[in-house]
Structure formats: structure tokens, C-alpha cells
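A.B. asks: Supplied structure: entry_28.txt, compact mmCIF, C-alpha atoms (C1' of nucleotides).
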```txt
# COMPACT_ATOMS: atom_id res chain seq x y z
CA MET A 1 170.24 138.64 61.54
CA THR A 2 172.45 138.53 58.49
CA GLY A 3 175.66 136.65 59.20
CA PRO A 4 179.09 138.19 58.72
CA HIS A 5 180.01 136.02 55.72
CA THR A 6 179.42 136.94 52.10
CA VAL A 7 177.64 134.84 49.49
CA ALA A 8 180.88 134.22 47.59
CA GLU A 9 182.68 133.03 50.75
CA THR A 10 179.84 130.66 51.52
CA GLU A 11 179.82 129.19 48.01
CA ARG A 12 183.57 128.59 48.16
CA ALA A 13 183.22 126.88 51.55
CA VAL A 14 180.39 124.66 50.31
CA GLU A 15 182.37 123.63 47.23
CA SER A 16 185.40 122.75 49.31
CA ARG A 17 183.22 120.32 51.27
CA LEU A 18 181.22 118.79 48.45
CA GLY A 19 183.70 118.84 45.58
CA ALA A 20 182.04 118.39 42.22
CA LEU A 21 178.54 117.93 43.67
CA LYS A 22 176.17 120.32 41.97
CA ILE A 23 174.35 122.75 44.24
CA ASP A 24 171.71 125.21 43.06
CA PHE A 25 172.91 128.38 44.77
CA GLU A 26 170.20 130.61 43.30
CA SER A 27 167.46 128.47 44.85
CA MET A 28 169.43 128.25 48.07
CA GLN A 29 169.82 132.02 48.33
CA ALA A 30 166.17 132.66 47.50
CA VAL A 31 164.95 130.20 50.12
CA SER A 32 167.36 131.13 52.88
CA ASN A 33 166.48 134.79 52.51
CA ILE A 34 162.81 133.96 53.01
CA PHE A 35 163.71 132.56 56.44
CA ARG A 36 166.05 135.39 57.31
CA ALA A 37 163.53 138.03 56.33
CA ALA A 38 160.69 136.31 58.17
CA ASN A 39 162.74 136.13 61.37
CA ALA A 40 163.96 139.71 61.08
CA VAL A 41 160.51 141.13 60.41
CA ARG A 42 158.93 139.05 63.14
CA ASN A 43 161.47 140.21 65.70
CA HIS A 44 160.98 143.81 64.60
CA PHE A 45 157.22 143.59 65.04
CA GLU A 46 157.54 142.00 68.47
CA ARG A 47 159.95 144.72 69.54
CA THR A 48 157.83 147.62 68.24
CA ALA A 49 154.07 147.40 67.69
CA LEU A 50 153.54 144.25 69.77
CA ALA A 51 155.84 145.09 72.68
CA PRO A 52 153.39 147.26 74.70
CA GLN A 53 150.97 144.31 75.00
CA ASN A 54 153.75 141.72 75.29
CA LEU A 55 152.28 139.86 72.35
CA THR A 56 154.11 137.33 70.17
CA TRP A 57 153.61 137.39 66.43
CA THR A 58 151.67 134.13 66.51
CA ALA A 59 149.35 135.37 69.23
CA PHE A 60 148.75 138.52 67.18
CA VAL A 61 147.94 136.54 64.04
CA VAL A 62 145.45 134.39 65.93
CA LEU A 63 143.88 137.50 67.40
CA TRP A 64 143.76 139.11 63.97
CA VAL A 65 142.07 136.14 62.31
CA ALA A 66 139.53 135.94 65.12
CA TRP A 67 138.88 139.67 64.84
CA ILE A 68 138.27 139.53 61.10
CA TRP A 69 136.24 136.34 60.86
CA GLU A 70 134.55 135.84 64.23
CA PRO A 71 132.71 133.80 65.18
CA LEU A 72 134.67 130.85 63.87
CA GLU A 73 135.58 127.34 64.88
CA THR A 74 138.95 126.32 66.29
CA ARG A 75 139.96 124.24 63.30
CA GLU A 76 139.24 127.12 60.90
CA LEU A 77 141.22 129.47 63.12
CA ALA A 78 144.23 127.15 63.16
CA LEU A 79 144.12 126.73 59.38
CA GLU A 80 143.83 130.45 58.69
CA ALA A 81 146.56 131.35 61.21
CA GLY A 82 148.87 128.71 59.77
CA ILE A 83 149.48 126.81 63.01
CA SER A 84 148.53 123.35 64.25
CA LYS A 85 145.50 122.66 66.41
CA ALA A 86 147.82 121.72 69.26
CA THR A 87 149.59 125.06 69.11
CA LEU A 88 146.33 126.94 68.87
CA THR A 89 145.09 125.40 72.12
CA GLY A 90 148.01 126.96 73.98
CA VAL A 91 147.71 130.33 72.24
CA LEU A 92 143.98 130.47 72.95
CA ASN A 93 144.67 129.73 76.61
CA THR A 94 146.94 132.77 76.67
CA LEU A 95 144.53 135.04 74.82
CA GLU A 96 141.51 133.89 76.81
CA GLY A 97 143.46 134.36 80.03
CA ARG A 98 144.09 137.99 79.09
CA GLY A 99 140.41 138.48 78.33
CA TRP A 100 140.66 139.15 74.61
CA VAL A 101 138.81 136.11 73.22
CA GLN A 102 136.18 133.67 74.42
CA ARG A 103 135.62 129.97 73.81
CA GLU A 104 132.12 128.51 73.68
CA ARG A 105 131.10 124.97 72.89
CA ALA A 106 128.78 124.82 69.86
CA ASP A 107 125.17 123.84 70.51
CA GLN A 108 124.56 121.79 67.38
CA ASP A 109 127.82 119.84 67.41
CA ARG A 110 129.24 119.43 70.92
CA ARG A 111 132.69 118.58 69.54
CA LEU A 112 133.17 122.06 68.07
CA MET A 113 134.41 125.12 69.90
CA ASN A 114 133.37 128.59 68.74
CA VAL A 115 135.79 131.46 69.26
CA THR A 116 134.61 135.06 69.60
CA MET A 117 136.30 138.32 70.53
CA THR A 118 135.51 140.14 73.75
CA THR A 119 134.80 143.86 73.81
CA SER A 120 138.27 144.37 75.24
CA GLY A 121 139.76 142.29 72.44
CA ARG A 122 138.00 144.31 69.75
CA ARG A 123 139.14 147.57 71.32
CA LEU A 124 142.72 146.24 71.38
CA MET A 125 142.70 145.25 67.73
CA ARG A 126 141.18 148.52 66.54
CA GLN A 127 144.26 150.19 68.02
CA LEU A 128 146.82 147.47 67.40
CA PHE A 129 146.21 146.60 63.77
CA PRO A 130 146.89 150.12 62.41
CA ALA A 131 150.03 150.24 64.57
CA LEU A 132 151.21 146.99 63.09
CA ASN A 133 150.36 148.03 59.55
CA LYS A 134 152.50 151.11 60.14
CA GLN A 135 155.44 148.80 60.85
CA GLU A 136 154.60 146.70 57.79
CA ARG A 137 154.87 149.94 55.84
CA VAL A 138 158.28 150.58 57.43
CA VAL A 139 159.80 147.23 56.51
CA ALA A 140 158.43 147.51 52.96
CA SER A 141 159.31 151.18 52.59
CA LYS A 142 162.19 150.64 50.17
CA LEU A 143 160.03 148.69 47.73
CA THR A 144 157.78 150.27 45.14
CA THR A 145 154.13 149.30 44.96
CA ALA A 146 154.87 147.17 41.93
CA GLU A 147 157.72 145.46 43.77
CA LYS A 148 155.52 144.70 46.78
CA LYS A 149 153.00 143.04 44.49
CA ASN A 150 155.76 141.21 42.69
CA LEU A 151 157.23 139.99 45.98
CA ALA A 152 153.86 138.73 47.19
CA ALA A 153 153.26 137.03 43.83
CA MET A 154 156.63 135.25 43.83
CA LEU A 155 156.10 134.03 47.36
CA LYS A 156 152.71 132.67 46.34
CA THR A 157 154.43 130.94 43.44
CA VAL A 158 156.82 129.33 45.89
CA MET A 159 153.94 128.10 48.03
CA ALA A 160 152.14 126.77 44.97
CA SER A 161 155.25 124.73 44.11
CA ILE A 162 155.07 122.76 47.34
CA PRO A 163 153.60 119.33 46.63
CA MET B 164 148.91 126.93 54.96
CA THR B 165 147.01 129.43 52.86
CA GLY B 166 143.66 130.22 54.40
CA PRO B 167 140.40 129.73 52.56
CA HIS B 168 139.65 133.46 52.21
CA THR B 169 140.62 135.63 49.27
CA VAL B 170 142.52 138.90 49.39
CA ALA B 171 139.44 140.87 48.36
CA GLU B 172 137.32 139.29 51.10
CA THR B 173 139.96 140.11 53.67
CA GLU B 174 140.25 143.72 52.57
CA ARG B 175 136.47 144.15 52.75
CA ALA B 176 136.41 142.64 56.24
CA VAL B 177 139.21 144.92 57.44
CA GLU B 178 137.48 148.00 56.06
CA SER B 179 134.23 147.08 57.74
CA ARG B 180 136.06 147.06 61.08
CA LEU B 181 138.24 150.12 60.67
CA GLY B 182 136.06 152.37 58.52
CA ALA B 183 137.98 155.20 56.92
CA LEU B 184 141.29 154.28 58.57
CA LYS B 185 143.92 153.95 55.88
CA ILE B 186 145.64 150.60 55.65
CA ASP B 187 148.51 149.82 53.26
CA PHE B 188 147.30 146.55 51.80
CA GLU B 189 150.25 146.14 49.42
CA SER B 190 152.72 146.19 52.31
CA MET B 191 150.43 143.95 54.32
CA GLN B 192 150.21 141.35 51.56
CA ALA B 193 153.94 141.43 50.89
CA VAL B 194 154.80 140.94 54.57
CA SER B 195 152.17 138.34 55.37
CA ASN B 196 153.23 136.24 52.40
CA ILE B 197 156.80 136.22 53.72
CA PHE B 198 155.52 134.53 56.88
CA ARG B 199 153.23 132.16 55.03
CA ALA B 200 155.95 131.12 52.62
CA ALA B 201 158.51 130.67 55.40
CA ASN B 202 156.15 128.41 57.34
CA ALA B 203 155.13 126.42 54.29
CA VAL B 204 158.70 125.87 53.11
CA ARG B 205 159.91 125.03 56.59
CA ASN B 206 157.18 122.44 57.07
CA HIS B 207 157.93 120.96 53.65
CA PHE B 208 161.61 120.57 54.46
CA GLU B 209 160.90 118.99 57.84
CA ARG B 210 158.50 116.55 56.21
CA THR B 211 160.85 115.57 53.37
CA ALA B 212 164.63 115.95 53.53
CA LEU B 213 164.84 116.37 57.32
CA ALA B 214 162.30 113.72 58.32
CA PRO B 215 164.62 110.65 58.17
CA GLN B 216 166.87 112.21 60.84
CA ASN B 217 163.98 113.80 62.74
CA LEU B 218 165.67 117.18 62.44
CA THR B 219 163.98 120.55 62.82
CA TRP B 220 164.83 123.35 60.44
CA THR B 221 166.63 125.27 63.16
CA ALA B 222 168.73 122.29 64.15
CA PHE B 223 169.66 121.79 60.51
CA VAL B 224 170.68 125.42 60.09
CA VAL B 225 172.91 125.23 63.16
CA LEU B 226 174.43 122.03 61.87
CA TRP B 227 174.96 123.59 58.46
CA VAL B 228 176.70 126.68 59.83
CA ALA B 229 178.94 124.52 62.02
CA TRP B 230 179.76 122.30 59.05
CA ILE B 231 180.74 125.23 56.83
CA TRP B 232 182.65 127.35 59.31
CA GLU B 233 183.99 124.99 61.99
CA PRO B 234 185.65 125.46 64.31
CA LEU B 235 183.72 128.47 65.55
CA GLU B 236 182.58 130.03 68.80
CA THR B 237 179.06 129.79 70.16
CA ARG B 238 178.28 133.47 69.76
CA GLU B 239 179.33 133.40 66.09
CA LEU B 240 177.22 130.30 65.54
CA ALA B 241 174.15 131.94 67.05
CA LEU B 242 174.63 135.10 64.97
CA GLU B 243 175.12 133.21 61.73
CA ALA B 244 172.18 130.87 62.39
CA GLY B 245 169.92 133.80 63.28
CA ILE B 246 168.90 132.59 66.75
CA SER B 247 169.64 133.81 70.26
CA LYS B 248 172.40 132.41 72.41
CA ALA B 249 169.80 131.01 74.77
CA THR B 250 168.11 129.09 71.98
CA LEU B 251 171.44 127.86 70.66
CA THR B 252 172.32 126.29 74.01
CA GLY B 253 169.26 124.05 73.75
CA VAL B 254 169.84 123.18 70.10
CA LEU B 255 173.49 122.33 70.79
CA ASN B 256 172.40 120.04 73.62
CA THR B 257 170.23 118.19 71.11
CA LEU B 258 172.92 117.99 68.43
CA GLU B 259 175.67 117.03 70.85
CA GLY B 260 173.41 114.38 72.39
CA ARG B 261 173.02 112.81 68.94
CA GLY B 262 176.77 112.86 68.42
CA TRP B 263 176.94 115.28 65.50
CA VAL B 264 178.81 118.19 67.12
CA GLN B 265 181.23 118.69 70.00
CA ARG B 266 181.71 121.51 72.48
CA GLU B 267 185.14 122.36 73.82
CA ARG B 268 186.16 125.17 76.12
CA ALA B 269 188.74 127.45 74.49
CA ASP B 270 192.25 127.37 75.97
CA GLN B 271 193.14 131.05 75.64
CA ASP B 272 189.82 132.45 76.82
CA ARG B 273 188.02 130.11 79.21
CA ARG B 274 184.71 131.91 78.71
CA LEU B 275 184.47 130.84 75.08
CA MET B 276 183.14 127.55 73.79
CA ASN B 277 184.41 126.15 70.50
CA VAL B 278 182.06 124.04 68.41
CA THR B 279 183.34 121.39 66.00
CA MET B 280 181.67 118.68 63.94
CA THR B 281 182.18 115.01 64.69
CA THR B 282 183.04 112.53 61.94
CA SER B 283 179.46 111.30 62.14
CA GLY B 284 178.20 114.87 61.79
CA ARG B 285 180.30 115.53 58.70
CA ARG B 286 179.12 112.29 57.10
CA LEU B 287 175.51 113.30 57.82
CA MET B 288 175.88 116.73 56.26
CA ARG B 289 177.62 115.45 53.15
CA GLN B 290 174.48 113.41 52.51
CA LEU B 291 171.88 115.77 53.96
CA PHE B 292 172.84 119.07 52.37
CA PRO B 293 172.42 117.90 48.77
CA ALA B 294 169.09 116.33 49.74
CA LEU B 295 167.94 119.61 51.19
CA ASN B 296 169.17 121.61 48.23
CA LYS B 297 167.10 119.30 46.03
CA GLN B 298 164.02 120.38 47.99
CA GLU B 299 165.07 124.02 47.74
CA ARG B 300 165.11 123.48 43.99
CA VAL B 301 161.61 122.02 44.18
CA VAL B 302 160.04 124.93 46.03
CA ALA B 303 161.76 127.41 43.71
CA SER B 304 161.08 125.39 40.56
CA LYS B 305 158.44 127.74 39.17
CA LEU B 306 160.73 130.75 39.33
CA THR B 307 163.30 131.62 36.69
CA THR B 308 166.90 132.21 37.68
CA ALA B 309 166.36 135.94 37.33
CA GLU B 310 163.27 135.75 39.53
CA LYS B 311 165.13 133.82 42.23
CA LYS B 312 167.79 136.50 42.31
CA ASN B 313 165.14 139.20 42.30
CA LEU B 314 163.30 137.51 45.18
CA ALA B 315 166.47 137.25 47.23
CA ALA B 316 167.31 140.89 46.49
CA MET B 317 163.89 142.18 47.52
CA LEU B 318 164.01 140.21 50.75
CA LYS B 319 167.42 141.72 51.49
CA THR B 320 165.91 145.13 50.79
CA VAL B 321 163.22 144.38 53.36
CA MET B 322 165.83 143.39 55.95
CA ALA B 323 167.84 146.52 55.20
CA SER B 324 164.75 148.62 55.92
CA ILE B 325 164.50 147.40 59.49
CA PRO B 326 165.87 150.08 61.81
C1' DA C 327 196.43 142.27 94.37
C1' DA C 328 191.92 143.89 94.90
C1' DA C 329 188.27 146.13 92.69
C1' DT C 330 185.68 147.03 88.52
C1' DG C 331 183.32 146.85 84.32
C1' DG C 332 182.64 144.06 80.44
C1' DT C 333 181.75 139.60 77.97
C1' DC C 334 180.84 134.72 77.66
C1' DA C 335 177.64 130.54 77.82
C1' DT C 336 174.23 128.80 80.63
C1' DT C 337 170.03 128.69 83.43
C1' DC C 338 165.44 130.15 84.42
C1' DG C 339 160.70 131.27 83.35
C1' DT C 340 157.31 131.63 80.05
C1' DA C 341 155.39 130.97 75.52
C1' DT C 342 155.26 128.62 71.21
C1' DC C 343 155.39 124.66 68.11
C1' DC C 344 154.24 120.08 66.31
C1' DG C 345 153.04 114.94 65.87
C1' DA C 346 150.88 111.41 68.19
C1' DA C 347 147.72 109.72 71.34
C1' DC C 348 143.48 110.60 73.81
C1' DG C 349 138.50 111.02 75.23
C1' DA C 350 134.19 112.94 73.69
C1' DT C 351 130.99 113.25 70.15
C1' DT C 352 128.83 112.56 65.71
C1' DG C 353 126.52 110.26 61.89
C1' DA C 354 125.77 106.42 59.21
C1' DA C 355 125.23 101.34 58.78
C1' DC C 356 123.00 97.44 60.31
C1' DG D 357 119.76 100.52 69.56
C1' DT D 358 124.27 99.44 68.99
C1' DT D 359 128.50 99.10 66.67
C1' DC D 360 131.99 101.76 64.09
C1' DA D 361 134.75 104.87 61.47
C1' DA D 362 135.53 109.74 61.33
C1' DT D 363 136.31 114.20 63.43
C1' DC D 364 136.57 117.52 67.12
C1' DG D 365 139.63 119.96 70.75
C1' DT D 366 142.85 118.76 74.26
C1' DT D 367 146.83 116.61 76.41
C1' DC D 368 151.39 114.85 76.33
C1' DG D 369 156.31 114.70 75.22
C1' DG D 370 160.04 116.76 73.21
C1' DA D 371 162.22 120.61 70.90
C1' DT D 372 162.56 125.42 69.89
C1' DA D 373 162.35 130.47 71.09
C1' DC D 374 163.68 134.67 73.73
C1' DG D 375 164.70 138.20 77.58
C1' DA D 376 166.57 138.53 82.00
C1' DA D 377 169.40 136.92 85.53
C1' DT D 378 173.50 134.24 86.74
C1' DG D 379 178.17 132.60 87.52
C1' DA D 380 182.63 132.26 85.39
C1' DC D 381 186.12 134.60 83.38
C1' DC D 382 188.91 138.47 81.33
C1' DA D 383 191.23 143.05 80.97
C1' DT D 384 192.04 147.27 82.98
C1' DT D 385 192.52 150.31 86.63
C1' DT D 386 193.86 151.34 91.26
```
Can you dump the structure from the file as C-alpha cells?
C.D. replies:
Amino acid sequence: MTGPHTVAETERAVESRLGALKIDFESMQAVSNIFRAANAVRNHFERTALAPQNLTWTAFVVLWVAWIWEPLETRELALEAGISKATLTGVLNTLEGRGWVQRERADQDRRLMNVTMTTSGRRLMRQLFPALNKQERVVASKLTTAEKKNLAAMLKTVMASIP
Amino acid sequence: MTGPHTVAETERAVESRLGALKIDFESMQAVSNIFRAANAVRNHFERTALAPQNLTWTAFVVLWVAWIWEPLETRELALEAGISKATLTGVLNTLEGRGWVQRERADQDRRLMNVTMTTSGRRLMRQLFPALNKQERVVASKLTTAEKKNLAAMLKTVMASIP
DNA sequence: AAATGGTCATTCGTATCCGAACGATTGAAC
DNA sequence: GTTCAATCGTTCGGATACGAATGACCATTT
């Protein structure tokens, strides 16, 4: 995941292309490492805990949100999972096709769609979530408890800075 | 991006489904906030600095790596950008179609493909990179310089923990 | 020089991913 | 009771995203 070039090499290369233009390298490094870490961790999860069920990270997140908060409406599920409604439609097709969730049109408001887990889906998550948490422990194993909390807090600060 | 439920509510809901099973919530929060932050920042960039050119974050990263290190081979570009060779082929088709990069088969080794920027691509990046760095500054604006470095370091620690 | 094992970018198949447009439905105004 | 703006999930179009298979090419061995 990490490229072969060092930070210093990159800064020199940027300066040679922009001259005197001021670039905030601390912000750049902080942000780019968020993306690198997210990709690396995501790939690790898909290769380990999620591989036996051939699940993508997104599909797992949707399944997890549905497991925790069911029954819930599609728009809530998309918001909580952090994906668009359009994406959720496709993911739900996948998950429903494998028999892990169910869609039902709401009685009161016929526009809404209620999502619930199936028995098979609940059984899967009871086994899968601890397995995934074990991998979360692995990727965070070199951080102290205080550092994990600090990391989460700083990332929340970043999100709170987005207009 | 952030869901409507609090951390405490989530932990209660997990415990009600797993009973006595031990879950490492600190690791879980640290990891899940990496994903949330990455998605939020990515969406912000695509809505602001990248919107005028209708560029995705991935396409920008590929363009950036090519700009800094050109000429370079496809496999190096994929490694440095953090995507697979298969994905890169599609992204390069997009970027080459818009006239920002060029592909040329290497003379010595006919298997290799060298990627270079076009004049139009270099002009774009000279304008686009400072605009993006401005947005990086925005999302990191509530962190001190020391915190930015600390954040980057902890994320590198996470990546180094992946087997 | 023919065979072989390795490496390269691409193609294929499948699954996300999103914005915009769409049809169905709702609730309120008149 | 009928317009009408708002909201729901889905569809559509285009762009990622990856593993596996593929065809081209290279270097080494026979």
C-alpha cells in the first residue's frame, strides 16, 4: 500500500514543480495517510474475516447496521452505513439474494421499505462480528488504549471540520 | 456521514446481541472512524476542488503520482497510487481519453507501458494541486501541527500492524 | 532454436459507488 | 377532489474496484 518513495523525496519533487507556491505538507500527510490506512485495513478485512463469506467491507457494514438497528428504513440504513441510496439498492440486492436480509414495504407509508435480518443473517453476524473485531484488534494492536481513543477523537475532529 | 446513534447506544445494542462475548470497543471505534473520515474527506474533495473537472479522488491520485514521478511504468503507478493494476487500466483509459496523460510502450522491454503527462495535464495539476491542498488544510484546520503529525504517525502504525 | 517459467498490461466477470432522473406515493392547500 | 411540492426507493449511466484468466513478451535453460 505504501509507495516506495519517502516523504522527503516527495516534498522535493512537489517543490520542483510548484516553485515558491506554499503547500501545507503536514495537512497533506495527515489526510493522505487516512486514505492509505483505510484502504489497507479494508483490504486486510476482506482478505481475512470477510473472505470465507466472500463479503465486501461495504456489504458487511450494511449487514452490521441492519443487525444492530433492525427493523429500519432504507434511508436510515444508507445514512448509518455512509453510502448513497443508489449504492444501497445494489448492496441490498446482493444481501437479499444470499438470504441474509429481507425487504418489506411499510404498511403506513407505501413509499418506505423496511429492512429486517433473516434467521440465517443473524446467525452469520453472531459469528462474523467477533471475527471481524478480532481483526480490528490486530490492526490496532500497536496502539495503546489512550492512543486508540486519541486517534478516534482526531478523526472525529477532522469530520467536524468539513463544512 | 456520521450516523444518528451515539457510541453508548451502539455498545448497548452490540452487547444485547452478543451477551458476554468480549468486544474491543476502543479498537472498533478507532478503525470505524478511519473509514468514516476517509469517506467524508473524499466526498468533500470531490464536491469542492475536484468538482470543476469532474474528477474522482482515485483519478486525482493517479494523476498526482504521474505528475510527480513521470515518466513511470504502470506497475509503479498502481503501487504508488494504492490501487490494483486492473483498476489502473480503467482509470488510465479515463485520463488518457481526457488528454491529461499518455501511454507509450517501452522500447527495451515491450511488456512495459510508460506513462507520461501531457502539457494539458501538467497545466491542470499546477492549478489543481494547490486547490486540493487548500481543502486538505480545511479538513485538518482544527488540528495543531503536532496533532497532524501524530495522526499521520498513528495511521502509519496501524498500517505497519497489518500482517 | 525450441521449450519453459516468469512478468507485464489488459480483459473479463462481478460488485460497488454516486449523481441525476424516474415513477410511485404522501400530505397539505385550495 | 384535485392540484402540487416533497420524499421514498429504484433505475440509469459512467467510473471505480479487484481477483482470475489471458495473450504478449522476456530471460534462461536445453
A.B. asks: Extract, using all atoms listed in the file, all DNA, RNA and protein residues at most 9 Å from B:Gly284, discarding same-chain residues fewer than 5 positions from it, and format them as a list in words.
C.D. replies: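 Near neighbours after the sequence-gap exclusion: Leu226, Trp230, Gly262, Trp263, Val264 and Arg289 of chain B.
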A.B. asks: Leaving out C:DT330 and any residue of its chain fewer than 5 positions from it, which residues lie within 12 Å of it when counting all atoms listed in the file, given as an MDAnalysis selection string?
C.D. replies: chainID D and resid 382:386
A.B. asks: Quick check, in Å to one decimal: how far apart do atom C1' of C:DC338 and atom CA of B:Ile246 lie?
C.D. replies: 18.2 Å
A.B. asks: When you get a sec, could you note down which chain D residues fall within 9 Å of chain A, using only C-alpha atoms (C1' of nucleotides), as a PyMOL selection string?
C.D. replies: chain D and resi 363-367
A.B. asks: Tell me, as a list of chain:residue names, which residues lie within 12 Å of B:Gln216, counting only C-alpha atoms (C1' of nucleotides); anything in the same chain fewer than 2 positions away does not count.
C.D. replies: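 My list of contacting residues is B:Phe208, B:Glu209, B:Arg210, B:Thr211, B:Ala212, B:Leu213, B:Ala214, B:Leu218, B:Thr219, B:Trp220, B:Ala222, B:Phe223, B:Leu258, B:Arg261, B:Trp263, B:Gly284, B:Leu287, B:Met288, B:Gln290, B:Leu291.
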A.B. asks: What does the file look like for those residues with C-alpha atoms, as an mmCIF file, keeping the file's coordinate frame?
C.D. replies:
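Produced file selection_13.cif, reproduced below:
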```
data_model
loop_
_atom_site.group_PDB
_atom_site.id
_atom_site.type_symbol
_atom_site.label_atom_id
_atom_site.label_comp_id
_atom_site.auth_asym_id
_atom_site.auth_seq_id
_atom_site.Cartn_x
_atom_site.Cartn_y
_atom_site.Cartn_z
ATOM 1 C CA PHE B 208 161.610 120.570 54.460
ATOM 2 C CA GLU B 209 160.900 118.990 57.840
ATOM 3 C CA ARG B 210 158.500 116.550 56.210
ATOM 4 C CA THR B 211 160.850 115.570 53.370
ATOM 5 C CA ALA B 212 164.630 115.950 53.530
ATOM 6 C CA LEU B 213 164.840 116.370 57.320
ATOM 7 C CA ALA B 214 162.300 113.720 58.320
ATOM 8 C CA LEU B 218 165.670 117.180 62.440
ATOM 9 C CA THR B 219 163.980 120.550 62.820
ATOM 10 C CA TRP B 220 164.830 123.350 60.440
ATOM 11 C CA ALA B 222 168.730 122.290 64.150
ATOM 12 C CA PHE B 223 169.660 121.790 60.510
ATOM 13 C CA LEU B 258 172.920 117.990 68.430
ATOM 14 C CA ARG B 261 173.020 112.810 68.940
ATOM 15 C CA TRP B 263 176.940 115.280 65.500
ATOM 16 C CA GLY B 284 178.200 114.870 61.790
ATOM 17 C CA LEU B 287 175.510 113.300 57.820
ATOM 18 C CA MET B 288 175.880 116.730 56.260
ATOM 19 C CA GLN B 290 174.480 113.410 52.510
ATOM 20 C CA LEU B 291 171.880 115.770 53.960
#
```
A.B. asks: Using all atoms listed in the file, which residues of chain B come within 8 Å of chain A, and what is the closest atom pair for each, with the distance in Å to one decimal? Give it as CSV, sorted by chain and residue number.
C.D. replies:
```
residue,atom,partner,partner_atom,distance
B:Met164,CA,A:Gly82,CA,5.1
B:Thr165,CA,A:Glu80,CA,6.7
B:Gly166,CA,A:Glu80,CA,4.3
B:Pro167,CA,A:Glu80,CA,7.1
B:Thr173,CA,A:Ile68,CA,7.6
B:Ala176,CA,A:Ile68,CA,6.1
B:Val177,CA,A:Ile68,CA,6.6
B:Arg180,CA,A:Arg126,CA,7.6
B:Leu181,CA,A:Arg126,CA,6.8
B:Leu184,CA,A:Pro130,CA,8.0
B:Ile186,CA,A:Asn133,CA,6.6
B:Asp187,CA,A:Asn133,CA,6.8
B:Glu189,CA,A:Lys148,CA,6.1
B:Ser190,CA,A:Arg137,CA,5.6
B:Met191,CA,A:Glu136,CA,6.1
B:Gln192,CA,A:Ala152,CA,6.3
B:Ala193,CA,A:Ala152,CA,4.6
B:Val194,CA,A:Glu136,CA,6.6
B:Asn196,CA,A:Ala152,CA,5.8
B:Ile197,CA,A:Ala38,CA,5.9
B:Phe198,CA,A:Ala38,CA,5.6
B:Arg199,CA,A:Gly82,CA,7.3
B:Ala200,CA,A:Met159,CA,5.9
B:Ala201,CA,A:Phe35,CA,5.6
B:Asn202,CA,A:Gly82,CA,7.7
B:Ala203,CA,A:Met159,CA,6.6
B:Val204,CA,A:Met159,CA,7.3
B:His207,CA,A:Ile162,CA,7.2
B:Ile231,CA,A:Ala13,CA,6.1
B:Trp232,CA,A:Ala13,CA,7.8
B:Leu242,CA,A:Gly3,CA,6.1
B:Glu243,CA,A:Gly3,CA,4.3
B:Ala244,CA,A:Gly3,CA,7.5
B:Gly245,CA,A:Met1,CA,5.2
B:Arg289,CA,A:Leu18,CA,6.8
B:Pro293,CA,A:Ile23,CA,6.9
B:Asn296,CA,A:Ile23,CA,6.6
B:Glu299,CA,A:Ser27,CA,5.8
B:Arg300,CA,A:Ser27,CA,5.6
B:Val301,CA,A:Ser161,CA,6.9
B:Val302,CA,A:Ser161,CA,5.2
B:Ala303,CA,A:Val158,CA,5.7
B:Ser304,CA,A:Ser161,CA,6.9
B:Lys305,CA,A:Ser161,CA,6.6
B:Leu306,CA,A:Thr157,CA,7.5
B:Thr308,CA,A:Glu26,CA,6.7
B:Glu310,CA,A:Met154,CA,7.9
B:Lys311,CA,A:Ala30,CA,5.5
B:Lys312,CA,A:Glu26,CA,6.4
B:Leu314,CA,A:Ala30,CA,6.1
B:Ala315,CA,A:Ala30,CA,4.6
B:Met317,CA,A:Leu151,CA,7.2
B:Leu318,CA,A:Ala37,CA,6.0
B:Lys319,CA,A:Asn33,CA,7.1
B:Thr320,CA,A:Lys142,CA,6.7
B:Val321,CA,A:Val139,CA,5.5
B:Met322,CA,A:Ala37,CA,5.8
B:Ser324,CA,A:Val139,CA,5.2
B:Ile325,CA,A:Val139,CA,5.6
```
A.B. asks: Rounded to one decimal place, report the atom CA of A:Glu73-atom C1' of D:DG370 distance in Å.
C.D. replies: 27.9 Å
A.B. asks: Using only C-alpha atoms (C1' of nucleotides) and a cut-off of 10 Å, which residues of chain C sit close to chain A? Please list them as a ChimeraX atom specification.
C.D. replies: /C:341-345,350-352
A.B. asks: Could you list, as a PyMOL selection string, every residue within 10 Å of D:DC368, counting only C-alpha atoms (C1' of nucleotides) and ignoring same-chain residues fewer than 4 positions away?
C.D. replies: chain C and resi 346-348
A.B. asks: Which value, in Å to one decimal, gives the distance between atom CA of A:Glu104 and atom CA of B:Ala171?
C.D. replies: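 Spanning atom CA of A:Glu104 to atom CA of B:Ala171 is a straight-line distance of 29.1 Å.
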A.B. asks: Please report, as AutoDock Vina command-line options, the centre and edge lengths in Å to one decimal of an axis-aligned box covering all listed atoms of stretch 260-275 of chain B with 4 Å per side.
C.D. replies:
```
--center_x 183.1 --center_y 122.6 --center_z 72.4 --size_x 28.1 --size_y 27.6 --size_z 21.7
```
A.B. asks: Using all atoms listed in the file, which protein or nucleic acid residues come within 12 Å of C:DG339? Drop anything in the same chain fewer than 5 positions from it, and give the result as a VMD selection string.
C.D. replies: chain D and resid 374 to 377
A.B. asks: Any chance you could export the current selection's C-alpha atoms (C1' of nucleotides) as a short mmCIF file (atom, residue, chain, number, x, y, z; two decimals), in the frame of the given file?
C.D. replies:
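Below is the file that was written, again37.cif:
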```
data_model
loop_
_atom_site.label_atom_id
_atom_site.label_comp_id
_atom_site.auth_asym_id
_atom_site.auth_seq_id
_atom_site.Cartn_x
_atom_site.Cartn_y
_atom_site.Cartn_z
"C1'" DC D 374 163.68 134.67 73.73
"C1'" DG D 375 164.70 138.20 77.58
"C1'" DA D 376 166.57 138.53 82.00
"C1'" DA D 377 169.40 136.92 85.53
#
```
